[in-house]
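Asks: Below is one structure. I have some questions about it.
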Amino acid sequence: MRARGGAGVPRRGRDRRAVILPARPGSERVRGEPPSTAVIGGGIAGLAAATALAERGVRVTLYEREPHLGGRLAGWPAGLADGSRATMSRGFHAFFRQYYNLRGLLRRADPGLRMLTPLPDYPLRHRDGTRDGFRHVPRTPPWSALGFAALSPTFRARDLLRMNPVAALPLLDVRVPEVYRRLDTVSAHDFLTGIRFPEAAHHLAFEVFSRSFFADPRELSAAEMVLMFHIYFLGSSEGLLFDVPGEPFPDALWEPLAGYLRGHGTELLTSTPVDRVRPVPGGGHAIAFPGGERRHDAVVLALDTDGLRAVVGRSPDLADAGWRERVAALRTAPPFLVTRLWLDGPVDPGRPGFLGTSGFGSLDNVSVLSRWEGEAARWSARTGGSVVELHAYAVPGTAARDVEEKRLVQQLYEVYPETRRAGIVGVRHEWRADCPLFSVGSYAGRPAVWTADPCLVVAGDLVRTGLPVALMERAATSGFLAANALLERWGVRGQTLWTVPRRGRSALLRALAGV
């Protein structure tokens with residue numbers, strides 16, 4: 001499906017109740033002298049904004065601090081002790097089927113999404129031996145929730161009788177921003193405790209979701225976790241099935257998209273950190289970076305939390321004082337660790353390509369990359385080894401990093417004992433602390449797409465969009481929304497968007513939730 005004028009329209013998945021958000025009316029492309037826009041940040045949000053603008057004739061310059069595009073999904077070369085070259089990244093990301101707008105972005109360079117390969121399940125394992133998965137769970141609500149409760153060993157009849165159904169009612173009708181008004185002052189942990197979910201289900205399933213935000217459930221806003229439950233489970237019939245890139249991120253995603261953007265006249269300035277943004281007399285903004293300064297008619301700030309704080313902190317005249325103070329108060333989630341191991345022995349063939357874990361100390365998931373990533377699979381076939389990746393989210397900031405790295409590998413040995421016998425050909429530990437923290441009570445202070453300056457907009461997964469989106473899909477959606485805000489000023493029709501249903505699917509369940 002393509003929009004007139006060549007601008008891509010995200011494709012809806014299998015959910016017939018997915019919601020279309022038409023762009024405001026306008027011309028197909030800019031008329032006359034095209035405006036110039038600086039997109040600051042080359043992650044998903046910045047790439048989405050740059051794409052929508054460039055397709056409509058806007059002159060786009062994208063500034064990226066790092067030498068590579070992709071933001072938190074970037075990749076870079078690494079050398080192994082055996083002389084092999086590999087691509088390192090911040091690791092596994094699930095491309096869920098309800099990521100309509102992100103998938104629409106990726107279709108620009110790959111209309112059939114051939115770079116994505118499906119994994120058959122989202123398996124979960126607790127240290128006590130309890131296992132769960134979603135492969136056989138119905139995908140359409142409310143049968144998805146009923147099926148999960150019926151099939152999961154963590155839900156026993158006596159446990160269900162002890163649950164507090166009244167406390168669970170907010171799950172049945174999730175709307176944005178109403179869900180934040182109701183639940184942003186409650187932690188995800190306290191919300192689940194109030195429902196009296198079975199302890200095993202609490203730890204195995206729901207903490208896995210909440211830790212996807214790289215935060216301890218005691219710090220995470222319940223509104224964010226309930227919104228996740230709506231997006232992936234009770235609000236959408238896409239289910240918890242997902243795809244992964246079949247090659248490293250640069251090869252599969254960002255180099256093809258960079259070529260597409262260059263073909264639409266976009267200037268991509270990597271290794272170019274922006275120091276400050278200054279409004280200039282007569283309109284527009286001056287972008288200062290090492291070695292120069294350029295004027296642009298409009299600016300998209302598509303930065304992570306630390307980057308946004310830093311640029312705004314050095315730009316005392318941007319927007320208004322209240323907005324700058326709120327940006328300065330933004331927080332990042334605790335550090336997380338990604339460890340990738342190149343082993344000289346195989347992982348048992350029965351192991352899944354991805355496994356979510358609970359109860360194994362800091363270990364949150366294990367990926368056997370050589371099962372689904374082409375580069376890793378080729379190294380495995382050549383050497384007889386395997387490539388395994390470990391994630392530890394929300395590591396205490398005071399933790400000794402070398403100790404945590406060793407401990408994480410030991411936890412792998414407990415989950416997959418055969419890896420203990422394998423030698424380590426190469427290892428990379430990547431520590432980061434740049435994900436936004438959606439802490440209790442923080443929603444009102446997060447930036448929206450729009451600012452007091454109509455030529456300055458914000459994009460990223462930290463942004464309030466007013467839509468039921470999260471994680472990578474929030475980043476892509478906010479980037480398109482930022483572009484649309486500027487295009488509307490110039491009389492140009494922007495990007496059509498899709499979301500999962502914007503409220504509970506069942507009128508009866510919505511009525512119960514309103515009791």
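Every chain in the structure tokens takes a letter, A first, then B, and so on in the order presented; its residues are numbered from 1, and the ligands are numbered from 1 following the presented order.
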Residues within 6 Å of A:Leu369, please, as a VMD selection string. Count only C-alpha atoms; anything in the same chain fewer than 4 positions from it doesn't count.
Replies: chain A and resid 373 387 to 388
Asks: Write the residues you've just listed into a file as an mmCIF file, in the first residue's frame, and include all heavy atoms for each of them.
Replies:
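Result written to selection-v9.cif:
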```
data_model
loop_
_atom_site.group_PDB
_atom_site.id
_atom_site.type_symbol
_atom_site.label_atom_id
_atom_site.label_comp_id
_atom_site.auth_asym_id
_atom_site.auth_seq_id
_atom_site.Cartn_x
_atom_site.Cartn_y
_atom_site.Cartn_z
ATOM 1 N N GLU A 373 20.499 -15.142 13.135
ATOM 2 C CA GLU A 373 21.208 -14.028 12.509
ATOM 3 C C GLU A 373 22.244 -14.576 11.536
ATOM 4 O O GLU A 373 23.084 -15.414 11.909
ATOM 5 C CB GLU A 373 21.888 -13.148 13.556
ATOM 6 C CG GLU A 373 22.470 -11.878 12.945
ATOM 7 C CD GLU A 373 23.471 -11.214 13.855
ATOM 8 O OE1 GLU A 373 24.635 -11.672 13.872
ATOM 9 O OE2 GLU A 373 23.104 -10.251 14.528
ATOM 10 N N VAL A 387 27.026 -18.554 18.828
ATOM 11 C CA VAL A 387 27.063 -17.163 19.286
ATOM 12 C C VAL A 387 25.855 -16.955 20.190
ATOM 13 O O VAL A 387 24.709 -17.169 19.776
ATOM 14 C CB VAL A 387 27.029 -16.174 18.109
ATOM 15 C CG1 VAL A 387 27.172 -14.741 18.622
ATOM 16 C CG2 VAL A 387 28.132 -16.491 17.104
ATOM 17 N N VAL A 388 26.118 -16.564 21.428
ATOM 18 C CA VAL A 388 25.077 -16.445 22.445
ATOM 19 C C VAL A 388 25.127 -15.040 23.036
ATOM 20 O O VAL A 388 26.214 -14.494 23.267
ATOM 21 C CB VAL A 388 25.282 -17.496 23.566
ATOM 22 C CG1 VAL A 388 24.215 -17.354 24.651
ATOM 23 C CG2 VAL A 388 25.265 -18.907 22.989
#
```
Asks: Determine which residues of stretch 90-259 of chain A receive a DSSP assignment of alpha helix (DSSP H), computed from the backbone, and state them as a ChimeraX atom specification.
Replies: /A:100-106,143-151,157-162,178-183,188-195,199-201,207-210,222-229,249,255-259
Asks: Write out as a ChimeraX atom specification the set of residues from stretch 57-138 of chain A that DSSP, computed on the backbone, places in strand (DSSP E or B).
Replies: /A:59-63,75-79,85-89,95-96,116-119,124-126,131-132
Asks: I'd like a table as a tab-separated table: residues in stretch 108-206 of chain A with an atom no more than 8 Å from stretch 451-473 of chain A, each row giving the shortest atom pair and its distance in Å to one decimal, only C-alpha atoms counted, sorted by chain and rising residue number.
Replies:
```
residue	atom	partner	partner_atom	distance
A:Arg175	CA	A:Pro468	CA	7.4
A:Val176	CA	A:Gly466	CA	5.6
A:Pro177	CA	A:Gly466	CA	5.8
```
Asks: Keeping only N, CA, C and O atoms, write the selected residues as a PDB file, in the first residue's frame.
Replies:
```
ATOM      1  N   ARG A 175      -6.984   3.434  27.718  1.00  0.00           N
ATOM      2  CA  ARG A 175      -7.018   4.560  26.800  1.00  0.00           C
ATOM      3  C   ARG A 175      -5.932   5.553  27.190  1.00  0.00           C
ATOM      4  O   ARG A 175      -5.611   5.690  28.362  1.00  0.00           O
ATOM      5  N   VAL A 176      -5.382   6.199  26.178  1.00  0.00           N
ATOM      6  CA  VAL A 176      -4.334   7.205  26.410  1.00  0.00           C
ATOM      7  C   VAL A 176      -4.925   8.573  26.119  1.00  0.00           C
ATOM      8  O   VAL A 176      -5.547   8.764  25.073  1.00  0.00           O
ATOM      9  N   PRO A 177      -4.793   9.551  27.053  1.00  0.00           N
ATOM     10  CA  PRO A 177      -3.915   9.540  28.230  1.00  0.00           C
ATOM     11  C   PRO A 177      -4.611   9.117  29.525  1.00  0.00           C
ATOM     12  O   PRO A 177      -4.019   9.216  30.598  1.00  0.00           O
TER      13      PRO A 177
END
```
Asks: Between A:Ala52, A:Val403, A:Val166, A:Met88, single out the one closest to A:His264, counting only C-alpha atoms.
Replies: A:Ala52
